[in-house]
file my_file.pdb (PDB, C-alpha atoms)
ATOM      1  CA  MET Z   1       0.105   6.626  18.107
ATOM      2  CA  LYS Z   2       0.830   7.568  14.518
ATOM      3  CA  THR Z   3       2.860   5.765  11.871
ATOM      4  CA  LEU Z   4       4.893   6.974   8.921
ATOM      5  CA  VAL Z   5       6.068   4.734   6.066
ATOM      6  CA  VAL Z   6       9.040   5.996   4.056
ATOM      7  CA  GLY Z   7      10.122   4.356   0.801
ATOM      8  CA  VAL Z   8      13.741   4.624  -0.354
ATOM      9  CA  GLY Z   9      14.118   3.171  -3.840
ATOM     10  CA  GLY Z  10      16.679   3.500  -6.551
ATOM     11  CA  VAL Z  11      19.091   1.992  -9.006
ATOM     12  CA  THR Z  12      21.500  -0.759  -7.944
ATOM     13  CA  ASN Z  13      24.478   0.707  -6.050
ATOM     14  CA  GLY Z  14      22.793   4.101  -6.024
ATOM     15  CA  GLY Z  15      23.181   4.648  -2.273
ATOM     16  CA  LYS Z  16      19.706   3.691  -1.044
ATOM     17  CA  SER Z  17      20.960   1.325   1.690
ATOM     18  CA  THR Z  18      23.408   3.918   2.996
ATOM     19  CA  LEU Z  19      20.710   6.603   3.083
ATOM     20  CA  SER Z  20      18.216   4.249   4.761
ATOM     21  CA  LYS Z  21      20.662   3.214   7.489
ATOM     22  CA  SER Z  22      21.628   6.831   8.154
ATOM     23  CA  LEU Z  23      17.973   7.845   8.403
ATOM     24  CA  HIS Z  24      17.287   4.979  10.802
ATOM     25  CA  GLU Z  25      20.186   6.086  13.021
ATOM     26  CA  LYS Z  26      18.813   9.633  13.230
ATOM     27  CA  ILE Z  27      15.111   8.839  13.691
ATOM     28  CA  SER Z  28      13.943   7.366  16.989
ATOM     29  CA  ASN Z  29      11.359   4.575  16.913
ATOM     30  CA  SER Z  30      12.335   3.637  13.368
ATOM     31  CA  CYS Z  31      13.349   0.416  11.640
ATOM     32  CA  ILE Z  32      14.239  -0.799   8.146
ATOM     33  CA  ILE Z  33      12.744  -3.533   5.972
ATOM     34  CA  ALA Z  34      15.053  -4.215   3.018
ATOM     35  CA  GLN Z  35      13.748  -5.744  -0.201
ATOM     36  CA  ASP Z  36      17.070  -7.524  -0.811
ATOM     37  CA  SER Z  37      16.241  -9.792   2.153
ATOM     38  CA  PHE Z  38      13.401 -11.366   0.191
ATOM     39  CA  PHE Z  39      15.087 -12.789  -2.909
ATOM     40  CA  LYS Z  40      13.995 -16.289  -3.854
ATOM     41  CA  ASP Z  41      16.551 -19.076  -3.904
ATOM     42  CA  ASP Z  42      18.904 -18.903  -6.885
ATOM     43  CA  SER Z  43      17.639 -22.287  -8.094
ATOM     44  CA  VAL Z  44      14.138 -20.937  -8.836
ATOM     45  CA  VAL Z  45      15.078 -17.579 -10.361
ATOM     46  CA  PRO Z  46      14.240 -17.719 -14.119
ATOM     47  CA  VAL Z  47      16.915 -17.499 -16.817
ATOM     48  CA  ASP Z  48      16.561 -15.494 -20.049
ATOM     49  CA  SER Z  49      17.617 -16.501 -23.562
ATOM     50  CA  ASN Z  50      21.143 -15.169 -22.918
ATOM     51  CA  GLY Z  51      21.541 -17.365 -19.862
ATOM     52  CA  PHE Z  52      21.243 -14.425 -17.462
ATOM     53  CA  LYS Z  53      19.415 -14.936 -14.163
ATOM     54  CA  GLN Z  54      16.405 -12.616 -14.012
ATOM     55  CA  TYR Z  55      17.023 -11.112 -10.584
ATOM     56  CA  ASP Z  56      15.797  -7.625 -11.468
ATOM     57  CA  MET Z  57      12.136  -8.622 -11.643
ATOM     58  CA  LEU Z  58       9.382  -8.809  -9.045
ATOM     59  CA  ASN Z  59       8.920 -12.547  -9.558
ATOM     60  CA  ALA Z  60      12.491 -13.095  -8.299
ATOM     61  CA  LEU Z  61      11.318 -11.836  -4.901
ATOM     62  CA  HIS Z  62       9.080 -13.194  -2.141
ATOM     63  CA  MET Z  63       6.914 -10.087  -2.158
ATOM     64  CA  ASP Z  64       4.221 -11.906  -0.156
ATOM     65  CA  LYS Z  65       6.690 -12.429   2.691
ATOM     66  CA  MET Z  66       7.861  -8.843   2.469
ATOM     67  CA  MET Z  67       4.271  -7.612   2.700
ATOM     68  CA  SER Z  68       3.740  -9.835   5.759
ATOM     69  CA  GLU Z  69       6.688  -8.121   7.451
ATOM     70  CA  VAL Z  70       5.316  -4.677   6.643
ATOM     71  CA  GLU Z  71       1.844  -5.652   7.857
ATOM     72  CA  SER Z  72       3.331  -7.036  11.076
ATOM     73  CA  TRP Z  73       4.925  -3.640  11.720
ATOM     74  CA  GLN Z  74       1.645  -1.861  10.913
ATOM     75  CA  ARG Z  75      -0.261  -3.956  13.450
ATOM     76  CA  ASP Z  76       2.095  -3.204  16.353
ATOM     77  CA  PRO Z  77       5.213  -1.120  15.622
ATOM     78  CA  GLU Z  78       6.458  -1.244  19.208
ATOM     79  CA  SER Z  79       6.320  -5.050  19.397
ATOM     80  CA  PHE Z  80       7.942  -5.247  15.959
ATOM     81  CA  LEU Z  81      10.883  -3.169  17.221
ATOM     82  CA  ARG Z  82      11.234  -5.267  20.371
ATOM     83  CA  GLY Z  83      11.136  -8.490  18.356
ATOM     84  CA  ARG Z  84      14.126  -7.298  16.352
ATOM     85  CA  GLY Z  85      16.171  -6.161  19.310
ATOM     86  CA  LEU Z  86      15.424  -2.478  18.742
ATOM     87  CA  THR Z  87      14.473  -0.301  21.671
ATOM     88  CA  SER Z  88      11.425   1.904  21.482
ATOM     89  CA  GLU Z  89      12.436   5.409  22.581
ATOM     90  CA  HIS Z  90       9.536   7.258  24.160
ATOM     91  CA  ILE Z  91      11.598  10.058  25.739
ATOM     92  CA  THR Z  92       8.832  11.980  27.572
ATOM     93  CA  LEU Z  93       6.035  10.735  25.349
ATOM     94  CA  SER Z  94       3.668   7.840  25.948
ATOM     95  CA  VAL Z  95       3.157   5.223  23.220
ATOM     96  CA  ASP Z  96      -0.132   6.923  22.348
ATOM     97  CA  GLU Z  97       1.704  10.177  21.625
ATOM     98  CA  GLU Z  98       4.583   8.696  19.643
ATOM     99  CA  VAL Z  99       5.256   8.439  15.892
ATOM    100  CA  PHE Z 100       6.755   5.180  14.631
ATOM    101  CA  VAL Z 101       8.627   5.231  11.325
ATOM    102  CA  LEU Z 102       9.148   2.332   8.926
ATOM    103  CA  ILE Z 103      11.832   2.760   6.252
ATOM    104  CA  VAL Z 104      11.299   0.382   3.331
ATOM    105  CA  GLU Z 105      14.345   0.119   1.086
ATOM    106  CA  GLY Z 106      14.731  -1.600  -2.267
ATOM    107  CA  PHE Z 107      15.096  -1.390  -6.019
ATOM    108  CA  LEU Z 108      11.518  -2.376  -6.931
ATOM    109  CA  ILE Z 109       9.495  -1.148  -3.964
ATOM    110  CA  PHE Z 110       7.491   1.349  -6.038
ATOM    111  CA  ASN Z 111       6.772  -1.170  -8.798
ATOM    112  CA  TYR Z 112       4.759  -3.419  -6.492
ATOM    113  CA  ARG Z 113       1.397  -1.712  -6.208
ATOM    114  CA  PRO Z 114       0.205  -3.147  -2.837
ATOM    115  CA  LEU Z 115       3.437  -1.958  -1.216
ATOM    116  CA  ASN Z 116       3.614   1.358  -3.045
ATOM    117  CA  GLU Z 117       0.144   2.282  -1.791
ATOM    118  CA  LEU Z 118       1.414   2.224   1.805
ATOM    119  CA  PHE Z 119       4.090   4.892   1.421
ATOM    120  CA  ASP Z 120       3.674   8.346   2.949
ATOM    121  CA  ARG Z 121       7.006   9.547   1.516
ATOM    122  CA  ARG Z 122       8.821   8.256  -1.585
ATOM    123  CA  TYR Z 123      12.484   8.867  -2.504
ATOM    124  CA  PHE Z 124      14.367   7.439  -5.464
ATOM    125  CA  MET Z 125      18.158   7.457  -5.861
ATOM    126  CA  GLU Z 126      19.515   7.965  -9.382
ATOM    127  CA  ILE Z 127      23.089   7.760 -10.735
ATOM    128  CA  PRO Z 128      24.379   7.725 -14.350
ATOM    129  CA  TYR Z 129      25.104   4.529 -16.268
ATOM    130  CA  ASP Z 130      28.904   4.799 -16.075
ATOM    131  CA  VAL Z 131      28.962   5.444 -12.330
ATOM    132  CA  CYS Z 132      26.503   2.629 -11.709
ATOM    133  CA  LYS Z 133      28.514   0.171 -13.792
ATOM    134  CA  ARG Z 134      31.740   1.082 -12.016
ATOM    135  CA  ARG Z 135      30.199   0.765  -8.543
ATOM    136  CA  ARG Z 136      28.579  -2.533  -9.453
ATOM    137  CA  SER Z 137      31.910  -3.939 -10.673
ATOM    138  CA  LEU Z 138      33.461  -3.221  -7.270
ATOM    139  CA  ARG Z 139      30.792  -5.134  -5.340
ATOM    140  CA  VAL Z 140      30.970  -8.855  -4.600
ATOM    141  CA  TYR Z 141      27.695 -10.688  -5.204
ATOM    142  CA  THR Z 142      26.606 -14.228  -4.362
ATOM    143  CA  PRO Z 143      26.284 -15.640  -6.934
ATOM    144  CA  PRO Z 144      28.736 -13.321  -8.757
ATOM    145  CA  ASP Z 145      27.672 -11.348 -11.826
ATOM    146  CA  PRO Z 146      28.603 -13.303 -14.991
ATOM    147  CA  PRO Z 147      30.450 -11.463 -17.809
ATOM    148  CA  GLY Z 148      28.164  -9.011 -19.620
ATOM    149  CA  TYR Z 149      25.461  -9.196 -16.943
ATOM    150  CA  PHE Z 150      25.298  -5.466 -16.252
ATOM    151  CA  ASP Z 151      24.829  -4.421 -19.885
ATOM    152  CA  GLY Z 152      22.828  -7.500 -20.848
ATOM    153  CA  HIS Z 153      20.388  -7.541 -17.955
ATOM    154  CA  VAL Z 154      20.879  -5.149 -15.013
ATOM    155  CA  TRP Z 155      20.837  -1.787 -16.806
ATOM    156  CA  PRO Z 156      18.158  -2.653 -19.413
ATOM    157  CA  MET Z 157      15.891  -3.934 -16.614
ATOM    158  CA  TYR Z 158      16.540  -0.808 -14.554
ATOM    159  CA  LEU Z 159      15.425   1.376 -17.477
ATOM    160  CA  LYS Z 160      12.349  -0.795 -18.025
ATOM    161  CA  ASN Z 161      11.393  -0.825 -14.338
ATOM    162  CA  HIS Z 162      12.037   2.920 -14.040
ATOM    163  CA  GLN Z 163       9.705   3.662 -16.962
ATOM    164  CA  GLU Z 164       7.029   1.416 -15.491
ATOM    165  CA  MET Z 165       7.398   3.068 -12.094
ATOM    166  CA  GLU Z 166       7.025   6.576 -13.522
ATOM    167  CA  SER Z 167       3.884   5.547 -15.411
ATOM    168  CA  MET Z 168       2.140   4.197 -12.306
ATOM    169  CA  VAL Z 169       3.501   6.204  -9.349
ATOM    170  CA  SER Z 170       3.287   9.886  -8.474
ATOM    171  CA  GLY Z 171       4.793  11.834  -5.619
ATOM    172  CA  ILE Z 172       8.335  10.474  -5.927
ATOM    173  CA  VAL Z 173      11.210  12.760  -4.937
ATOM    174  CA  PHE Z 174      14.148  11.933  -7.216
ATOM    175  CA  LEU Z 175      17.572  12.253  -5.585
ATOM    176  CA  ASP Z 176      20.920  12.792  -7.283
ATOM    177  CA  GLY Z 177      23.083   9.929  -6.029
ATOM    178  CA  LEU Z 178      26.228  11.824  -7.030
ATOM    179  CA  LYS Z 179      25.665  14.307  -4.208
ATOM    180  CA  SER Z 180      27.442  13.694  -0.905
ATOM    181  CA  LYS Z 181      25.904  11.281   1.599
ATOM    182  CA  GLU Z 182      25.652  14.139   4.074
ATOM    183  CA  GLU Z 183      23.753  16.398   1.666
ATOM    184  CA  LEU Z 184      21.304  13.661   0.692
ATOM    185  CA  LEU Z 185      20.701  12.680   4.303
ATOM    186  CA  ALA Z 186      20.151  16.300   5.369
ATOM    187  CA  ALA Z 187      17.504  16.880   2.682
ATOM    188  CA  VAL Z 188      15.558  13.684   3.347
ATOM    189  CA  TYR Z 189      15.877  13.914   7.130
ATOM    190  CA  LYS Z 190      14.522  17.476   7.061
ATOM    191  CA  ASP Z 191      11.515  16.381   5.015
ATOM    192  CA  VAL Z 192      10.764  13.327   7.164
ATOM    193  CA  SER Z 193      11.294  15.257  10.410
ATOM    194  CA  GLN Z 194       8.766  17.880   9.314
ATOM    195  CA  GLU Z 195       6.208  15.146   8.681
ATOM    196  CA  ILE Z 196       6.913  13.553  12.080
ATOM    197  CA  LYS Z 197       6.441  16.950  13.722
ATOM    198  CA  ARG Z 198       3.147  17.416  11.855
ATOM    199  CA  LEU Z 199       1.903  14.001  12.986
ATOM    200  CA  ARG Z 200       2.911  14.667  16.585
ATOM    201  CA  GLY Z 201       0.978  17.922  16.427
ATOM    202  CA  LYS Z 202      -2.125  16.050  15.294
ATOM    203  CA  LEU Z 203      -1.689  13.588  18.169
ATOM    204  CA  GLN Z 204      -1.420  16.429  20.684
ATOM    205  CA  ASN Z 205      -4.647  17.933  19.351
ATOM    206  CA  MET Z 206      -6.419  14.599  19.753
ATOM    207  CA  LEU Z 207      -5.407  14.170  23.418
TER     208      LEU Z 207
END
call {"tool": "encode", "arguments": {"input": "my_file.pdb", "output": "structure tokens"}}
result
Amino acid sequence: MKTLVVGVGGVTNGGKSTLSKSLHEKISNSCIIAQDSFFKDDSVVPVDSNGFKQYDMLNALHMDKMMSEVESWQRDPESFLRGRGLTSEHITLSVDEEVFVLIVEGFLIFNYRPLNELFDRRYFMEIPYDVCKRRRSLRVYTPPDPPGYFDGHVWPMYLKNHQEMESMVSGIVFLDGLKSKEELLAAVYKDVSQEIKRLRGKLQNML
């Protein structure tokens, strides 16, 4: 058995969740762990001097719990899939010959070093400020964004986190989030599929 860990990061409303779900649907023996599932309770998220909740920071997330999920998958991908109601698809291959794929999706996945070190493939969705602001305004959040939140917190933190990420991480493939969903999926799926094929070839040589 071989495993492949794919990271799909990007700006808020950049299309990373859509890409991740589409990849999962096309790749057998895959599953998604989403960073948004690990936000701390609103009551403990710090507030800045402008009264804005500091959601766009690592300390607003239970990264320890997220790492536990990832490590659980690493220990036994097949059991992890079964435990989440996902069926392992062996086709004509035994478990020993199969490649299991974990898609990790989130806006700060590459900024957390212990998680970043696990990725075999890294993709980052980018869109311009005006498009991002418009998309964000159309989304409903709980709690809702207060007036001025995007310009006062979300976008400045994105720029800060992006700069930090680029200074500490190499090997990221940057994706233009303005391209069609189909075009983005085709490019990433081709890349990931080639790596799966390579890993399967290594397994065949070992048997």
call {"tool": "atom_distance", "arguments": {"input": "my_file.pdb", "atom1": "atom CA of Z:Pro143", "atom2": "atom CA of Z:Arg84"}}
result
27.6 Å
call {"tool": "closest_residue", "arguments": {"input": "my_file.pdb", "among": "Z:Lys2, Z:Arg200, Z:Lys53, Z:Lys65", "to": "Z:Ile33", "atoms": "all atoms listed in the file"}}
result
Z:Lys65
call {"tool": "atom_distance", "arguments": {"input": "my_file.pdb", "atom1": "atom CA of Z:His153", "atom2": "atom CA of Z:Pro128"}}
result
16.2 Å
call {"tool": "resolve_selection", "arguments": {"input": "my_file.pdb", "expression": "the PyMOL selection byres ((chain Z and resi 177-194) around 7)", "output": "PyMOL selection string"}}
result
chain Z and resi 14-15+19+23+125-127+175-176+195-198
call {"tool": "resolve_selection", "arguments": {"input": "my_file.pdb", "expression": "the PyMOL selection byres ((chain Z and resi 60) around 9)", "output": "ChimeraX atom specification"}}
result
/Z:38-42,44-46,54-59,61-63
call {"tool": "resolve_selection", "arguments": {"input": "my_file.pdb", "expression": "the PyMOL selection byres ((chain Z and resi 115) around 10)", "output": "NGL selection string"}}
result
:Z and (7 or 63 or 66-67 or 70-71 or 104 or 108-114 or 116-119)
call {"tool": "atom_distance", "arguments": {"input": "my_file.pdb", "atom1": "atom CA of Z:Met157", "atom2": "atom CA of Z:Glu69"}}
result
26.1 Å
call {"tool": "closest_residue", "arguments": {"input": "my_file.pdb", "among": "Z:Ser137, Z:Leu4, Z:Lys21, Z:Gln74", "to": "Z:Tyr149", "atoms": "all atoms listed in the file"}}
result
Z:Ser137
